[in-house]
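Remarks on the structure that follows.
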Amino acid sequence: MNNLYREGKFIGDTDSTAHALHIAITAFLDRENSEDAQTAINDFRVVAGEDREIAEIVINQYPLASCVDGEAIRQAFLDECNDVWRNDSPASSGRQARHYLTTNDFTATANHGPGYVIKGLLSKRSYAVMYGAPGEGKTFVALDIAYAVAQNRDWFGHKTRGGIVLYVPFEGGGGVIKRVQALIKTYGHAPQFRVIENPDYNLRERSGREAFGSDMAAALGKEKPVLIVLDTLARSLKGGDENSAKDIGALNDAVGALIENTGACVVVIHHSGKNKDAGARGSSALLGAVDTEIQIDGNRIISSKQRDIDLAAPIGFKLTPVIVGTDDDGDELTSCVVESEAIDSRKHWKPTGRVLDAWNALCEVSPNNAPISSPEWRAAFARKAYPVEEPATGALKKAYQRAVKCLAEAGWVIETNVGWQRPLTGGVAAEKLA
């Protein structure tokens, strides 16, 4: 096999593998389109199997020296074959054989599950999307989560299992710098928190994924991150279309590879559409792939999808300003950190129909928010809800009671020992709705 060619003529007919490799290379060189080339490469991989020694001898001795760009063609073929081996060959890629489990062994794995990064919210080896409209604070929330995990610190009452966190600011690091400065001032340094500088990885393409993996290996060595945050989905596509199932599918594949190789939870920051109640914008291929969906809306962190764990209760938060330095003119530079705040249900529910009539009746009868009795409120409700003709006493009573119950459960009204009134917000009672 050390001299497959003599005077430019192939003499390896006695070796069927070498002969088949010769045919595959010839097909590659004679290709008319990329599909023919890929077929030739696949044929090459099939006949070569894992005997790379034979394959490389054939490639290296193929008589291209007299051809224009002959060496470049040989190298191109070798590179493409290496891609085939790396991605399709179990032995060359280091892939571990899958076990065939009995029912007892298989079901026993469910007793522990993959574990959590943030208990009740983010699991290890999972794919999550965090989305919201512009200005809702989703990047602040994502950074706060990432920083808490990096410090192995409880987050909003949820336990964490910390470790290395990779934050990938595809949208540029300028704004992120001040936000991290605010986190440092509030919580101190977090050595496990790493920000990738100027990420240019196109995760839709193999070359981008390999570059990401190579940089990660160089920076972390044998250590693995527990959490990876991609900010944002649109920028990570590098010109791809978020409405395209093909492009989102390619991103999903990239995230899947990250999870497979690191065991991390990968969180992608995304935007909601024009109708924020319709969920994250773009192709439905995203929602179908993710394990966890988190919406940031109206100072609430809402777990709207969990594949394997119970939905977490909504979490209220507020953005608190933090001074992080001064500019060249001596003016303060500020950013914000996320702090816990009780959810004000009044901000997220609006009365309608007879409930709205009851609310407006209360506001009209008591514009200064002085407590009023239930009979007084019911009479005002009757005038507002039934201006032409009141229903029977029983029907009026039921309609009034249902309306008051809805307002009370939503926190829009409170009952004191002297009557009903509106709760104060910032020292001012809520007013009548238009």
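For the structure tokens, the naming scheme is as follows: chains receive sequential letters (A, B, ...) according to their order of presentation, residues are indexed from 1 within each chain, and ligands are indexed from 1 in presentation order.
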
Exercise for the section: Mind the document's chain letters and residue numbers, and return as JSON, numbers by chain the residues of region 373-432 of chain A that DSSP labels alpha helix (DSSP H). Expected result: {"A": [374, 375, 376, 377, 378, 379, 380, 381, 382, 383, 384, 385, 393, 394, 395, 396, 397, 398, 399, 400, 401, 402, 403, 404, 405, 406, 407, 408, 409]}

Can you list, as a PDB file with N, CA and C atoms, in the first residue's frame, every protein, DNA or RNA residue that comes within 7 Å of Glu136 (chain A) when you count only C-alpha atoms, leaving out same-chain residues fewer than 2 positions away?
ATOM      1  N   GLY A 132     -39.932  38.696  25.966  1.00  0.00           N
ATOM      2  CA  GLY A 132     -40.764  39.803  26.423  1.00  0.00           C
ATOM      3  C   GLY A 132     -40.667  40.944  25.442  1.00  0.00           C
ATOM      4  N   ALA A 133     -41.547  41.923  25.609  1.00  0.00           N
ATOM      5  CA  ALA A 133     -41.534  43.103  24.751  1.00  0.00           C
ATOM      6  C   ALA A 133     -40.342  43.995  25.112  1.00  0.00           C
ATOM      7  N   PRO A 134     -39.920  44.870  24.202  1.00  0.00           N
ATOM      8  CA  PRO A 134     -38.825  45.799  24.525  1.00  0.00           C
ATOM      9  C   PRO A 134     -39.143  46.609  25.780  1.00  0.00           C
ATOM     10  N   LYS A 138     -36.070  42.030  30.318  1.00  0.00           N
ATOM     11  CA  LYS A 138     -35.674  40.621  30.196  1.00  0.00           C
ATOM     12  C   LYS A 138     -34.162  40.416  30.314  1.00  0.00           C
ATOM     13  N   ILE A 296     -41.387  37.662  30.399  1.00  0.00           N
ATOM     14  CA  ILE A 296     -41.178  38.837  31.243  1.00  0.00           C
ATOM     15  C   ILE A 296     -42.214  39.860  30.832  1.00  0.00           C
ATOM     16  N   ASP A 297     -43.129  40.156  31.729  1.00  0.00           N
ATOM     17  CA  ASP A 297     -44.250  41.024  31.370  1.00  0.00           C
ATOM     18  C   ASP A 297     -44.738  41.784  32.594  1.00  0.00           C
ATOM     19  N   GLY A 298     -44.734  43.114  32.498  1.00  0.00           N
ATOM     20  CA  GLY A 298     -45.306  43.925  33.559  1.00  0.00           C
ATOM     21  C   GLY A 298     -44.702  43.660  34.915  1.00  0.00           C
TER      22      GLY A 298
END

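Shell of Gln181 (chain A) at 10 Å, with only C-alpha atoms counted and residues fewer than 2 places along the chain excluded, is Val176, Ile177, Lys178, Arg179, Leu183, Ile184, Lys185, Thr186, Tyr187, Gly188, His189, Val322, Ile323, Val324, Gly325, Thr334, Ser335, Cys336 and Val337 of chain A.
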
Handout entry: Residues within 12 Å of Asp310 (chain A), only C-alpha atoms, excluding chain neighbours under 2 positions, as a ChimeraX atom specification
Key = /A:119-123,291-292,303-308,312-313

Write the residues of the preceding selection, restricted to N, CA and C atoms, as a compact mmCIF listing (two decimals), in the first residue's frame.
# COMPACT_ATOMS: atom_id res chain seq x y z
N LYS A 119 -33.85 25.79 41.12
CA LYS A 119 -34.88 24.82 41.47
C LYS A 119 -36.27 25.35 41.14
N GLY A 120 -37.02 24.55 40.42
CA GLY A 120 -38.38 24.92 40.05
C GLY A 120 -38.48 25.83 38.85
N LEU A 121 -37.33 26.20 38.25
CA LEU A 121 -37.38 27.13 37.12
C LEU A 121 -36.52 26.65 35.95
N LEU A 122 -35.24 26.39 36.18
CA LEU A 122 -34.33 25.98 35.11
C LEU A 122 -33.65 24.67 35.48
N SER A 123 -33.74 23.69 34.58
CA SER A 123 -33.13 22.38 34.81
C SER A 123 -31.81 22.26 34.07
N ASP A 291 -37.63 23.38 26.38
CA ASP A 291 -38.17 22.71 27.57
C ASP A 291 -38.87 23.69 28.49
N THR A 292 -38.36 24.93 28.51
CA THR A 292 -38.88 25.95 29.43
C THR A 292 -39.12 27.24 28.67
N SER A 303 -43.48 31.70 34.35
CA SER A 303 -43.11 30.41 33.77
C SER A 303 -44.33 29.88 33.02
N SER A 304 -44.30 29.97 31.70
CA SER A 304 -45.48 29.61 30.91
C SER A 304 -45.40 28.23 30.29
N LYS A 305 -44.20 27.59 30.33
CA LYS A 305 -44.08 26.21 29.86
C LYS A 305 -42.94 25.53 30.61
N GLN A 306 -43.20 24.33 31.08
CA GLN A 306 -42.17 23.47 31.67
C GLN A 306 -42.43 22.06 31.18
N ARG A 307 -41.42 21.46 30.58
CA ARG A 307 -41.64 20.13 30.00
C ARG A 307 -41.74 19.05 31.07
N ASP A 308 -40.88 19.11 32.08
CA ASP A 308 -40.78 18.00 33.03
C ASP A 308 -41.00 18.37 34.49
N ALA A 312 -43.69 27.13 37.81
CA ALA A 312 -43.41 27.95 38.98
C ALA A 312 -44.43 29.08 39.08
N ALA A 313 -44.71 29.54 40.29
CA ALA A 313 -45.60 30.67 40.48
C ALA A 313 -44.95 31.93 39.91

Handout entry: Atom pair CA of Asp357 (chain A) / CA of Ala392 (chain A): separation (Å)
Key = 17.7 Å

Practice task
Compile the contact shell of Trp359 (chain A) as a PyMOL selection string: residues with an atom at most 10 Å away, counting only C-alpha atoms, same-chain residues fewer than 3 positions apart removed.
Solution key: chain A and resi 351-352+354-356+362-364+377+381+384+403-404+407+412-413+422+431-433
